[in-house]
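Heads up, final13.cif below (mmCIF, C-alpha atoms and all ligand atoms):
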data_final
#
loop_
_atom_site.label_atom_id
_atom_site.label_comp_id
_atom_site.auth_asym_id
_atom_site.auth_seq_id
_atom_site.Cartn_x
_atom_site.Cartn_y
_atom_site.Cartn_z
CA MET A 1175 114.79 8.29 209.45
CA ALA A 1176 116.92 5.69 211.24
CA GLY A 1177 115.25 3.36 213.75
CA VAL A 1178 114.18 -0.22 213.08
CA TRP A 1179 114.16 -1.55 209.51
CA VAL A 1180 112.63 -4.78 208.21
CA PHE A 1181 113.02 -6.63 204.93
CA ALA A 1182 111.00 -9.59 203.62
CA GLU A 1183 110.49 -10.46 199.98
CA ASN A 1184 107.04 -11.80 200.76
CA TYR A 1185 104.05 -9.84 202.09
CA GLU A 1186 103.05 -12.26 204.89
CA HIS A 1187 106.60 -12.54 206.20
CA GLY A 1188 106.75 -8.75 206.04
CA LEU A 1189 103.75 -8.54 208.36
CA GLU A 1190 105.46 -10.85 210.84
CA LEU A 1191 108.58 -8.68 210.84
CA LEU A 1192 106.45 -5.56 211.26
CA GLN A 1193 105.06 -7.07 214.45
CA ILE A 1194 108.43 -7.67 216.08
CA GLY A 1195 109.91 -4.54 214.48
CA ARG A 1196 107.17 -2.39 215.92
CA SER A 1197 107.58 -3.71 219.44
CA LEU A 1198 111.33 -2.96 219.29
CA ALA A 1199 110.72 0.48 217.77
CA ASP A 1200 108.14 1.31 220.45
CA LYS A 1201 110.53 0.22 223.23
CA THR A 1202 113.30 2.50 221.96
CA GLY A 1203 111.03 5.32 220.79
CA VAL A 1204 112.20 5.18 217.17
CA GLU A 1205 110.41 4.78 213.83
CA LEU A 1206 109.78 1.65 211.81
CA THR A 1207 110.77 1.27 208.15
CA ALA A 1208 109.85 -1.61 205.84
CA PHE A 1209 110.96 -2.62 202.35
CA ALA A 1210 108.44 -3.74 199.73
CA CYS A 1211 109.75 -5.60 196.69
CA GLY A 1212 108.38 -4.06 193.53
CA ASP A 1213 104.83 -3.56 194.77
CA LYS A 1214 103.41 -0.17 195.83
CA GLU A 1215 100.20 -1.77 197.06
CA VAL A 1216 102.21 -3.89 199.52
CA GLY A 1217 104.06 -0.76 200.64
CA GLN A 1218 100.78 1.01 201.36
CA GLN A 1219 99.55 -2.00 203.37
CA TYR A 1220 102.74 -1.96 205.44
CA ILE A 1221 101.96 1.63 206.39
CA TYR A 1222 98.40 0.68 207.36
CA TYR A 1223 99.94 -2.07 209.50
CA GLY A 1224 102.28 0.29 211.35
CA ALA A 1225 105.35 1.19 209.27
CA HIS A 1226 106.24 4.89 209.38
CA GLN A 1227 108.23 4.68 206.18
CA VAL A 1228 108.35 2.23 203.27
CA PHE A 1229 111.01 1.85 200.59
CA ILE A 1230 109.55 0.45 197.38
CA LEU A 1231 112.24 -1.51 195.61
CA PRO A 1232 111.78 -1.53 191.83
CA PRO A 1233 110.29 -4.58 190.08
CA LEU A 1234 113.02 -6.91 188.79
CA ALA A 1235 113.41 -8.22 185.26
CA GLU A 1236 113.01 -11.97 184.64
CA ASP A 1237 116.76 -12.46 184.54
CA GLN A 1238 117.45 -10.51 187.73
CA PRO A 1239 117.70 -12.54 190.97
CA LEU A 1240 116.46 -11.03 194.23
CA GLU A 1241 120.06 -10.41 195.31
CA THR A 1242 120.10 -7.62 192.71
CA TYR A 1243 118.59 -5.45 195.47
CA VAL A 1244 121.65 -5.81 197.74
CA PRO A 1245 123.67 -2.75 196.59
CA ALA A 1246 120.57 -0.51 196.76
CA ILE A 1247 119.57 -1.73 200.22
CA ALA A 1248 123.12 -1.43 201.56
CA GLU A 1249 123.52 2.07 200.11
CA VAL A 1250 120.33 3.44 201.66
CA ALA A 1251 121.24 1.81 204.99
CA ARG A 1252 124.67 3.43 204.81
CA GLN A 1253 123.09 6.83 204.24
CA GLU A 1254 120.28 6.59 206.79
CA ASP A 1255 122.06 4.50 209.46
CA PRO A 1256 119.31 2.33 211.02
CA ASP A 1257 119.83 1.04 214.57
CA ILE A 1258 118.33 -2.38 213.89
CA PHE A 1259 117.81 -4.22 210.58
CA LEU A 1260 115.79 -7.45 210.53
CA PHE A 1261 115.37 -9.88 207.62
CA ALA A 1262 113.02 -12.84 207.13
CA ALA A 1263 115.17 -15.99 207.24
CA THR A 1264 113.90 -17.34 203.93
CA LEU A 1265 116.40 -18.85 201.51
CA ARG A 1266 116.75 -15.56 199.63
CA GLY A 1267 116.33 -13.40 202.74
CA LYS A 1268 119.32 -15.05 204.41
CA GLU A 1269 121.40 -14.54 201.28
CA ILE A 1270 120.48 -10.87 201.07
CA ALA A 1271 120.98 -10.24 204.81
CA ALA A 1272 124.50 -11.71 204.75
CA ARG A 1273 125.50 -9.65 201.72
CA VAL A 1274 124.07 -6.43 203.16
CA ALA A 1275 125.83 -7.06 206.49
CA ALA A 1276 129.13 -7.62 204.68
CA ARG A 1277 128.73 -4.37 202.74
CA LEU A 1278 127.90 -2.47 205.94
CA ASN A 1279 130.78 -4.14 207.76
CA THR A 1280 128.53 -5.20 210.64
CA GLY A 1281 127.57 -8.47 212.32
CA LEU A 1282 124.56 -10.66 211.54
CA CYS A 1283 122.84 -12.96 214.01
CA SER A 1284 121.19 -15.76 212.05
CA GLU A 1285 117.91 -17.52 212.87
CA CYS A 1286 117.05 -15.38 215.87
CA ILE A 1287 114.08 -16.65 217.87
CA GLU A 1288 113.86 -13.95 220.55
CA LEU A 1289 114.62 -10.25 220.40
CA ASP A 1290 114.57 -7.69 223.15
CA ILE A 1291 116.04 -4.33 224.07
CA LYS A 1292 118.38 -4.25 227.09
CA ASP A 1293 120.32 -1.10 228.02
CA ASN A 1294 119.32 0.37 224.67
CA LYS A 1295 121.00 -2.51 222.82
CA LEU A 1296 119.37 -5.29 220.83
CA GLU A 1297 119.59 -8.62 222.64
CA MET A 1298 119.27 -11.50 220.19
CA LYS A 1299 118.68 -15.13 221.16
CA ARG A 1300 119.29 -18.14 218.94
CA VAL A 1301 119.31 -21.88 219.42
CA LEU A 1302 122.72 -23.54 219.59
CA TYR A 1303 124.08 -27.12 219.52
CA GLY A 1304 120.96 -28.54 217.89
CA GLY A 1305 118.65 -27.11 220.51
CA ALA A 1306 120.73 -27.97 223.58
CA ALA A 1307 121.57 -24.34 224.39
CA LEU A 1308 120.28 -20.84 223.88
CA GLN A 1309 122.86 -18.25 222.86
CA THR A 1310 122.44 -14.55 223.63
CA ILE A 1311 124.15 -12.16 221.24
CA ILE A 1312 124.76 -8.43 221.43
CA CYS A 1313 126.20 -6.76 218.38
CA LYS A 1314 128.73 -3.99 218.95
CA THR A 1315 128.55 -2.58 215.43
CA ARG A 1316 125.64 -0.89 213.65
CA PRO A 1317 123.17 -1.67 212.34
CA GLN A 1318 122.41 -4.56 214.66
CA MET A 1319 121.26 -7.17 212.17
CA ALA A 1320 119.36 -10.45 212.48
CA THR A 1321 117.47 -12.95 210.36
CA ILE A 1322 114.20 -14.27 211.83
CA PRO A 1323 112.82 -17.71 210.90
CA VAL A 1324 109.37 -17.38 209.37
CA HIS A 1325 106.40 -18.11 211.66
CA THR A 1326 108.48 -17.29 214.76
CA PHE A 1327 106.21 -14.36 215.54
CA THR A 1328 102.55 -13.73 214.81
CA SER A 1329 101.62 -11.20 212.15
CA VAL A 1330 100.26 -7.76 212.99
CA THR A 1331 96.51 -7.64 213.08
CA ASP A 1332 95.62 -4.03 213.79
CA LEU A 1333 95.08 -2.63 210.32
CA ASP A 1334 94.35 1.10 210.25
CA ASN A 1335 93.45 2.39 206.78
CA THR A 1336 93.88 5.99 207.89
CA ARG A 1337 97.49 5.60 209.01
CA GLN A 1338 99.86 7.91 207.12
CA GLY A 1339 103.49 7.24 206.27
CA ILE A 1340 106.29 8.11 203.92
CA ILE A 1341 106.73 6.09 200.73
CA LYS A 1342 110.04 6.34 198.88
CA GLU A 1343 110.55 4.68 195.53
CA PHE A 1344 113.87 3.43 194.24
CA ASP A 1345 115.00 3.95 190.65
CA PRO A 1346 114.90 0.88 188.38
CA ILE A 1347 118.03 -1.24 188.66
CA SER A 1348 119.40 -1.91 185.20
CA SER A 1349 122.80 -3.45 185.86
CA THR A 1350 122.99 -6.83 187.54
CA PRO A 1351 126.15 -8.81 188.28
CA VAL A 1352 124.32 -12.15 188.19
CA LYS A 1353 121.79 -13.10 185.54
CA VAL A 1354 119.19 -15.85 185.85
CA ARG A 1355 119.52 -17.95 182.68
CA ASP A 1356 116.78 -20.46 183.34
CA ARG A 1357 114.16 -21.35 185.98
CA GLN A 1358 113.05 -24.93 186.50
CA PRO A 1359 110.35 -26.10 188.90
CA ARG A 1360 111.43 -28.69 191.44
CA ALA A 1361 110.76 -32.27 190.38
CA GLN A 1362 108.70 -32.94 193.50
CA GLU A 1363 106.52 -30.18 194.85
CA SER A 1364 104.66 -30.54 198.12
CA GLY A 1365 102.67 -28.39 200.53
CA ASP A 1366 104.25 -26.10 203.07
CA ILE A 1367 104.50 -28.17 206.28
CA THR A 1368 105.36 -25.08 208.33
CA ARG A 1369 101.69 -24.09 207.98
CA SER A 1370 100.14 -27.50 208.76
CA ARG A 1371 97.83 -27.80 211.75
CA VAL A 1372 98.32 -31.57 211.92
CA LEU A 1373 101.50 -33.38 210.93
CA VAL A 1374 102.07 -37.11 210.74
CA CYS A 1375 105.83 -37.52 210.66
CA VAL A 1376 107.57 -40.72 209.57
CA GLY A 1377 110.99 -41.95 210.59
CA ARG A 1378 113.25 -44.88 209.82
CA GLY A 1379 110.92 -47.17 211.73
CA VAL A 1380 108.95 -47.30 208.48
CA GLU A 1381 110.58 -50.15 206.59
CA LYS A 1382 109.51 -49.69 202.99
CA GLU A 1383 108.54 -46.77 200.83
CA GLU A 1384 105.13 -48.29 200.06
CA ASP A 1385 104.43 -48.36 203.81
CA LEU A 1386 104.23 -44.57 203.77
CA LYS A 1387 100.62 -45.11 202.76
CA LEU A 1388 99.83 -46.12 206.36
CA ALA A 1389 101.01 -42.69 207.55
CA ARG A 1390 99.36 -40.91 204.61
CA GLU A 1391 96.01 -42.52 205.47
CA LEU A 1392 96.30 -41.39 209.08
CA ALA A 1393 97.20 -37.86 207.96
CA GLU A 1394 94.23 -37.74 205.60
CA ILE A 1395 91.77 -38.83 208.28
CA LEU A 1396 93.08 -36.10 210.56
CA GLY A 1397 93.10 -33.50 207.79
CA GLY A 1398 96.87 -33.17 208.13
CA ASP A 1399 100.04 -33.45 206.09
CA LEU A 1400 102.90 -35.89 205.91
CA ALA A 1401 106.39 -34.95 207.10
CA CYS A 1402 109.53 -36.97 207.82
CA THR A 1403 112.95 -37.15 209.47
CA ARG A 1404 116.06 -36.30 207.50
CA PRO A 1405 117.10 -39.87 206.57
CA ILE A 1406 113.72 -40.44 204.90
CA ALA A 1407 114.23 -37.42 202.63
CA GLU A 1408 117.99 -37.21 202.24
CA GLU A 1409 119.16 -40.82 202.35
CA LEU A 1410 116.17 -42.81 201.15
CA HIS A 1411 114.65 -40.05 198.95
CA TRP A 1412 111.12 -41.29 199.73
CA MET A 1413 109.86 -37.79 200.41
CA PRO A 1414 110.76 -34.29 199.17
CA GLN A 1415 113.51 -32.32 200.92
CA GLU A 1416 111.12 -29.62 202.08
CA THR A 1417 109.14 -32.15 204.13
CA TYR A 1418 111.85 -33.07 206.59
CA ILE A 1419 111.81 -31.48 210.03
CA GLY A 1420 114.72 -30.47 212.23
CA LEU A 1421 117.91 -28.55 212.65
CA SER A 1422 118.81 -28.61 208.98
CA GLY A 1423 115.20 -28.99 207.84
CA GLN A 1424 111.94 -27.23 208.64
CA THR A 1425 110.79 -25.84 211.97
CA VAL A 1426 107.11 -26.61 212.49
CA LYS A 1427 104.41 -25.47 214.90
CA PRO A 1428 101.41 -27.74 214.37
CA GLU A 1429 98.56 -28.17 216.81
CA LEU A 1430 99.24 -31.89 216.66
CA TYR A 1431 102.43 -33.75 215.71
CA ILE A 1432 102.32 -37.55 215.46
CA GLY A 1433 105.71 -39.22 215.11
CA LEU A 1434 105.86 -42.77 213.76
CA GLY A 1435 109.04 -44.81 214.18
CA ILE A 1436 111.19 -41.82 215.13
CA SER A 1437 113.96 -42.15 217.72
CA GLY A 1438 113.93 -38.46 218.74
CA GLN A 1439 117.49 -37.29 218.11
CA ILE A 1440 117.98 -33.65 219.04
CA GLN A 1441 118.59 -32.67 215.42
CA HIS A 1442 115.00 -33.70 214.72
CA THR A 1443 113.25 -32.64 217.92
CA THR A 1444 114.64 -29.12 217.73
CA GLY A 1445 112.25 -28.61 214.82
CA ILE A 1446 109.13 -29.80 216.66
CA ARG A 1447 109.50 -28.27 220.11
CA ASP A 1448 106.87 -25.59 219.43
CA SER A 1449 104.21 -28.18 218.49
CA ARG A 1450 101.18 -27.90 220.75
CA ILE A 1451 100.71 -31.64 221.29
CA ILE A 1452 103.35 -34.26 220.51
CA CYS A 1453 102.25 -37.88 220.16
CA THR A 1454 104.63 -40.67 219.27
CA ILE A 1455 104.59 -44.35 218.45
CA ASN A 1456 107.80 -46.30 218.87
CA LYS A 1457 108.45 -49.94 219.69
CA ASP A 1458 111.44 -49.06 221.89
CA GLU A 1459 110.25 -47.81 225.27
CA ASP A 1460 113.63 -46.13 225.84
CA ALA A 1461 113.47 -44.07 222.65
CA PRO A 1462 114.37 -40.44 223.54
CA ILE A 1463 111.31 -39.15 221.68
CA PHE A 1464 109.12 -40.25 224.59
CA LYS A 1465 110.85 -37.72 226.88
CA ILE A 1466 109.37 -34.81 224.91
CA SER A 1467 106.05 -36.46 224.06
CA ASP A 1468 102.71 -35.48 225.59
CA TYR A 1469 101.34 -38.90 224.66
CA GLY A 1470 103.31 -41.98 223.70
CA ILE A 1471 102.44 -45.48 222.57
CA VAL A 1472 105.08 -48.18 222.98
CA GLY A 1473 104.25 -50.51 220.15
CA ASP A 1474 104.79 -51.62 216.58
CA LEU A 1475 103.64 -48.88 214.21
CA TYR A 1476 102.53 -51.57 211.73
CA LYS A 1477 99.95 -52.68 214.27
CA VAL A 1478 99.13 -49.39 216.00
CA VAL A 1479 98.72 -47.10 212.97
CA PRO A 1480 96.14 -49.19 211.02
CA PHE A 1481 94.17 -49.62 214.25
CA LEU A 1482 94.32 -45.90 215.01
CA SER A 1483 93.24 -44.96 211.47
CA GLN A 1484 90.40 -47.42 211.57
CA GLU A 1485 89.12 -46.14 214.94
CA LEU A 1486 89.46 -42.47 213.93
CA ALA A 1487 87.61 -43.16 210.66
CA ARG A 1488 84.85 -44.91 212.61
CA LEU A 1489 84.53 -41.99 215.04
CA LYS A 1490 84.49 -39.54 212.16
CA LYS A 1491 81.56 -41.33 210.52
CA LYS A 1492 79.43 -41.15 213.66
C1 LIG B 1 124.51 -32.03 211.38
C2 LIG B 1 123.30 -32.93 211.43
C3 LIG B 1 122.07 -32.37 211.15
C4 LIG B 1 120.93 -33.17 211.20
N1 LIG B 1 119.73 -32.60 210.93
C5 LIG B 1 118.63 -33.34 211.02
C6 LIG B 1 117.35 -32.77 210.80
O1 LIG B 1 117.22 -31.59 210.51
N2 LIG B 1 116.27 -33.56 210.92
C7 LIG B 1 116.34 -34.89 211.24
O2 LIG B 1 115.31 -35.55 211.31
N3 LIG B 1 117.55 -35.46 211.43
C8 LIG B 1 118.69 -34.73 211.33
N4 LIG B 1 119.89 -35.33 211.52
C9 LIG B 1 119.93 -36.78 211.72
C10 LIG B 1 119.61 -37.17 213.17
O3 LIG B 1 120.79 -37.12 213.93
C11 LIG B 1 119.04 -38.60 213.24
O4 LIG B 1 119.95 -39.49 212.62
C12 LIG B 1 117.69 -38.76 212.58
O5 LIG B 1 116.78 -37.76 213.04
C13 LIG B 1 117.12 -40.13 212.92
O6 LIG B 1 115.98 -40.33 212.17
P1 LIG B 1 114.90 -41.41 212.62
O7 LIG B 1 114.40 -41.09 213.98
O8 LIG B 1 113.93 -41.49 211.50
O9 LIG B 1 115.72 -42.78 212.61
P2 LIG B 1 116.32 -43.66 213.78
O10 LIG B 1 117.15 -42.86 214.69
O11 LIG B 1 116.97 -44.84 213.10
O12 LIG B 1 115.06 -44.15 214.61
C14 LIG B 1 114.13 -45.08 214.14
C15 LIG B 1 113.20 -45.39 215.30
O13 LIG B 1 112.15 -46.21 214.82
C16 LIG B 1 111.81 -47.13 215.85
N5 LIG B 1 111.17 -48.28 215.18
C17 LIG B 1 111.72 -49.18 214.35
N6 LIG B 1 110.78 -50.03 213.88
C18 LIG B 1 109.60 -49.65 214.45
C19 LIG B 1 108.27 -50.13 214.37
N7 LIG B 1 107.94 -51.17 213.59
N8 LIG B 1 107.32 -49.52 215.08
C20 LIG B 1 107.61 -48.45 215.90
N9 LIG B 1 108.87 -47.94 216.01
C21 LIG B 1 109.85 -48.54 215.29
C22 LIG B 1 113.13 -47.50 216.49
O14 LIG B 1 112.93 -47.97 217.82
C23 LIG B 1 113.87 -46.16 216.44
O15 LIG B 1 113.69 -45.45 217.65
C24 LIG B 1 121.04 -34.55 211.49
C25 LIG B 1 122.30 -35.09 211.76
C26 LIG B 1 123.40 -34.30 211.73
C27 LIG B 1 124.74 -34.91 212.02
#
How does the structure come out when it is put into structure tokens?
Amino acid sequence: MAGVWVFAENYEHGLELLQIGRSLADKTGVELTAFACGDKEVGQQYIYYGAHQVFILPPLAEDQPLETYVPAIAEVARQEDPDIFLFAATLRGKEIAARVAARLNTGLCSECIELDIKDNKLEMKRVLYGGAALQTIICKTRPQMATIPVHTFTSVTDLDNTRQGIIKEFDPISSTPVKVRDRQPRAQESGDITRSRVLVCVGRGVEKEEDLKLARELAEILGGDLACTRPIAEELHWMPQETYIGLSGQTVKPELYIGLGISGQIQHTTGIRDSRIICTINKDEDAPIFKISDYGIVGDLYKVVPFLSQELARLKKK
């Protein structure tokens, strides 16, 4: 069964890929195959959500990294020859996709944000030059492979518990070229800002680390989370790495983004362009961030933010 294949190590990301995978499969009249990592229950769900076939990869031992699956995935792809193979662009997903593509001697379009079928070929679009251009790629080799950033597409919703499909299980993988010797949690853990409905984002206009509390208060009143620009996380280390937005950071899609003391360089704004409403506060009226803002306040954040928080808290109490 060739057709469209999707791989995600996580169930929710798998559902997203099923959505886009199914639309491509329907357009070309082929079948949809999904991989489930070590969990038959997940495989069954994928069938209920539209996969015609599911490969259940075997559970991994503690010392086996996810990349252990690469030879097995590449081998089955070599045998069955899918037309299209999509991967969730998670940290591990990108690693696996690149290795599978290398083994299959085919190309890989990374961080694809739009996919379509034109003249029976997969047309892949990705952002280029920090958001200044959109590149269209067609792959001449097979399978046509791409990684898709998570939350780019909505998940499938039409569950049908009567849907039938083929489930194939892989044999356990005993040998592994790389062994995990130790796992350590990150020193600073924080929430997942890619899921936040409201984000208050701080930039270098915030002068001192203790002043982050102004932004945190505003975020709390609005039931949102705190995010930042790259210098705040990478240079000043005031906030965890996973909370910075942009080209080399996270891509977010909140209902409301409030930027405080952020200039609006393209490397940052490329990560916020899908926000529903963008509000910004900057004391420089020529700051580029205002060009992409729905609402902007030219003013000193040290004056505007406490006032805003106070007024919002007052309205909330009413
Ligand atoms: C390859 C590459 C990748 C990058 N990737 C990313 C990325 O993923 N994400 C990212 O964020 N950056 C990224 N950058 C960095 C990016 O180019 C900018 O340097 C960065 O986004 C600027 O952060 P900022 O807006 O916080 O700071 P600044 O550009 O210094 O802006 C600070 C703003 O605060 C305003 N301000 C100052 N004081 C106040 C006040 N009291 N009240 C109100 N406003 C005030 C100023 O007018 C100014 O506009 C990348 C750079 C490179 C080269």
Test item: residues at most 9 Å from Leu1198 of chain A, all atoms listed in the file, excluding those fewer than 3 positions along its chain, as an MDAnalysis selection string:
chainID A and resid 1178 1193:1195 1201:1204 1206 1258 1289:1291 1296
Closest pair table for chain A residues within 6 Å of ligand LIG 1 (chain B), only C-alpha atoms and all ligand atoms, as CSV:
residue,atom,partner,partner_atom,distance
A:Gly1377,CA,B:LIG1,O8,3.1
A:Arg1378,CA,B:LIG1,O8,3.8
A:Gly1379,CA,B:LIG1,C17,3.4
A:Thr1403,CA,B:LIG1,O2,3.4
A:Arg1404,CA,B:LIG1,O2,4.0
A:Pro1405,CA,B:LIG1,O6,5.7
A:Ile1419,CA,B:LIG1,N2,5.0
A:Gly1420,CA,B:LIG1,O1,3.2
A:Leu1421,CA,B:LIG1,O1,3.8
A:Ser1422,CA,B:LIG1,O1,3.7
A:Gly1423,CA,B:LIG1,O1,4.2
A:Gly1435,CA,B:LIG1,O13,3.5
A:Ile1436,CA,B:LIG1,O7,3.5
A:Ser1437,CA,B:LIG1,O15,3.3
A:Gly1438,CA,B:LIG1,O7,5.5
A:Gln1439,CA,B:LIG1,O5,5.1
A:Gln1441,CA,B:LIG1,C5,4.5
A:His1442,CA,B:LIG1,O2,3.9
A:Ile1455,CA,B:LIG1,C20,5.7
A:Asn1456,CA,B:LIG1,N9,3.5
A:Lys1457,CA,B:LIG1,C20,4.2
A:Asp1458,CA,B:LIG1,O14,4.5
A:Ala1461,CA,B:LIG1,O15,5.2
A:Gly1473,CA,B:LIG1,C20,5.8
A:Asp1474,CA,B:LIG1,N8,3.6
A:Leu1475,CA,B:LIG1,N8,3.8
A:Tyr1476,CA,B:LIG1,N7,5.7
Please produce an output containing C-alpha atoms for each residue in the selection, written as a PDB file, in the coordinates of the input.
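Wrote out_30.pdb, looks like this:
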ATOM      1  CA  GLY A1377     110.990 -41.950 210.590  1.00  0.00           C
ATOM      2  CA  ARG A1378     113.250 -44.880 209.820  1.00  0.00           C
ATOM      3  CA  GLY A1379     110.920 -47.170 211.730  1.00  0.00           C
ATOM      4  CA  THR A1403     112.950 -37.150 209.470  1.00  0.00           C
ATOM      5  CA  ARG A1404     116.060 -36.300 207.500  1.00  0.00           C
ATOM      6  CA  PRO A1405     117.100 -39.870 206.570  1.00  0.00           C
ATOM      7  CA  ILE A1419     111.810 -31.480 210.030  1.00  0.00           C
ATOM      8  CA  GLY A1420     114.720 -30.470 212.230  1.00  0.00           C
ATOM      9  CA  LEU A1421     117.910 -28.550 212.650  1.00  0.00           C
ATOM     10  CA  SER A1422     118.810 -28.610 208.980  1.00  0.00           C
ATOM     11  CA  GLY A1423     115.200 -28.990 207.840  1.00  0.00           C
ATOM     12  CA  GLY A1435     109.040 -44.810 214.180  1.00  0.00           C
ATOM     13  CA  ILE A1436     111.190 -41.820 215.130  1.00  0.00           C
ATOM     14  CA  SER A1437     113.960 -42.150 217.720  1.00  0.00           C
ATOM     15  CA  GLY A1438     113.930 -38.460 218.740  1.00  0.00           C
ATOM     16  CA  GLN A1439     117.490 -37.290 218.110  1.00  0.00           C
ATOM     17  CA  GLN A1441     118.590 -32.670 215.420  1.00  0.00           C
ATOM     18  CA  HIS A1442     115.000 -33.700 214.720  1.00  0.00           C
ATOM     19  CA  ILE A1455     104.590 -44.350 218.450  1.00  0.00           C
ATOM     20  CA  ASN A1456     107.800 -46.300 218.870  1.00  0.00           C
ATOM     21  CA  LYS A1457     108.450 -49.940 219.690  1.00  0.00           C
ATOM     22  CA  ASP A1458     111.440 -49.060 221.890  1.00  0.00           C
ATOM     23  CA  ALA A1461     113.470 -44.070 222.650  1.00  0.00           C
ATOM     24  CA  GLY A1473     104.250 -50.510 220.150  1.00  0.00           C
ATOM     25  CA  ASP A1474     104.790 -51.620 216.580  1.00  0.00           C
ATOM     26  CA  LEU A1475     103.640 -48.880 214.210  1.00  0.00           C
ATOM     27  CA  TYR A1476     102.530 -51.570 211.730  1.00  0.00           C
TER      28      TYR A1476
END
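Within 6 Å of the file-frame point (115.2, -6.4, 204.1), and using only C-alpha atoms, the polymer residues found are A:Val1180, A:Phe1181, A:Ala1182, A:Phe1209, A:Phe1261.
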Dump as a short mmCIF file (atom, residue, chain, number, x, y, z; two decimals), in the frame of the given file, selection limited to C-alpha atoms:
data_model
loop_
_atom_site.label_atom_id
_atom_site.label_comp_id
_atom_site.auth_asym_id
_atom_site.auth_seq_id
_atom_site.Cartn_x
_atom_site.Cartn_y
_atom_site.Cartn_z
CA VAL A 1180 112.63 -4.78 208.21
CA PHE A 1181 113.02 -6.63 204.93
CA ALA A 1182 111.00 -9.59 203.62
CA PHE A 1209 110.96 -2.62 202.35
CA PHE A 1261 115.37 -9.88 207.62
#
Residues within 10 Å of Gly1398 of chain A, all atoms listed in the file, excluding chain neighbours under 5 positions, as a VMD selection string:
chain A and resid 1367 1370 to 1374 1390 to 1393 1428 1430 to 1431
Atom CA of Ile1247 of chain A to atom CA of Asn1335 of chain A, straight-line distance in Å
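Separation of atom CA of Asn1335 of chain A and atom CA of Ile1247 of chain A: 27.2 Å.
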What's around Lys1268 of chain A at 12 Å? Count only C-alpha atoms, leave out sequence neighbours fewer than 2 positions away in its own chain, and write the answer as number ranges by chain.
A: 1181-1183, 1240-1241, 1244, 1260-1266, 1270-1275, 1282-1286, 1319-1324
Compare A:Cys1313, A:Ala1248, A:Ile1340, A:Leu1333 by their minimum atom-to-atom distance to Ile1230 of chain A, counting only C-alpha atoms, and give me the closest one.
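Ranking A:Cys1313, A:Ala1248, A:Ile1340, A:Leu1333 by distance to Ile1230 of chain A, first place goes to A:Ile1340.
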List the spatial neighbours of Ser1348 of chain A as an NGL selection string - criterion: any atom at most 10 Å away, all atoms listed in the file, same-chain residues fewer than 2 positions off excluded.
:A and (1234-1235 or 1238 or 1242 or 1345-1346 or 1350)
My list of candidates is A:Lys1214, A:Arg1488, A:His1226, A:Arg1357. Which is closest to Gly1177 of chain A when distances are computed with only C-alpha atoms?
A:His1226
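The space between atom CA of Lys1295 of chain A and atom CA of Glu1186 of chain A spans 27.2 Å.
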Might you pull out every residue within 10 Å of Ala1306 of chain A, with all atoms listed in the file counted and same-chain residues fewer than 4 positions away left off, and present them as a ChimeraX atom specification?
/A:1301-1302,1440-1441,1444
Atoms kept (C-alpha atoms) for selection, written as a PDB file, keeping the file's coordinate frame:
ATOM      1  CA  VAL A1301     119.310 -21.880 219.420  1.00  0.00           C
ATOM      2  CA  LEU A1302     122.720 -23.540 219.590  1.00  0.00           C
ATOM      3  CA  ILE A1440     117.980 -33.650 219.040  1.00  0.00           C
ATOM      4  CA  GLN A1441     118.590 -32.670 215.420  1.00  0.00           C
ATOM      5  CA  THR A1444     114.640 -29.120 217.730  1.00  0.00           C
TER       6      THR A1444
END
What separation in Å, quoted to one decimal, exists between atom CA of Lys1477 of chain A and atom CA of Leu1489 of chain A?
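Computing it gives 18.8 Å between the two atoms.
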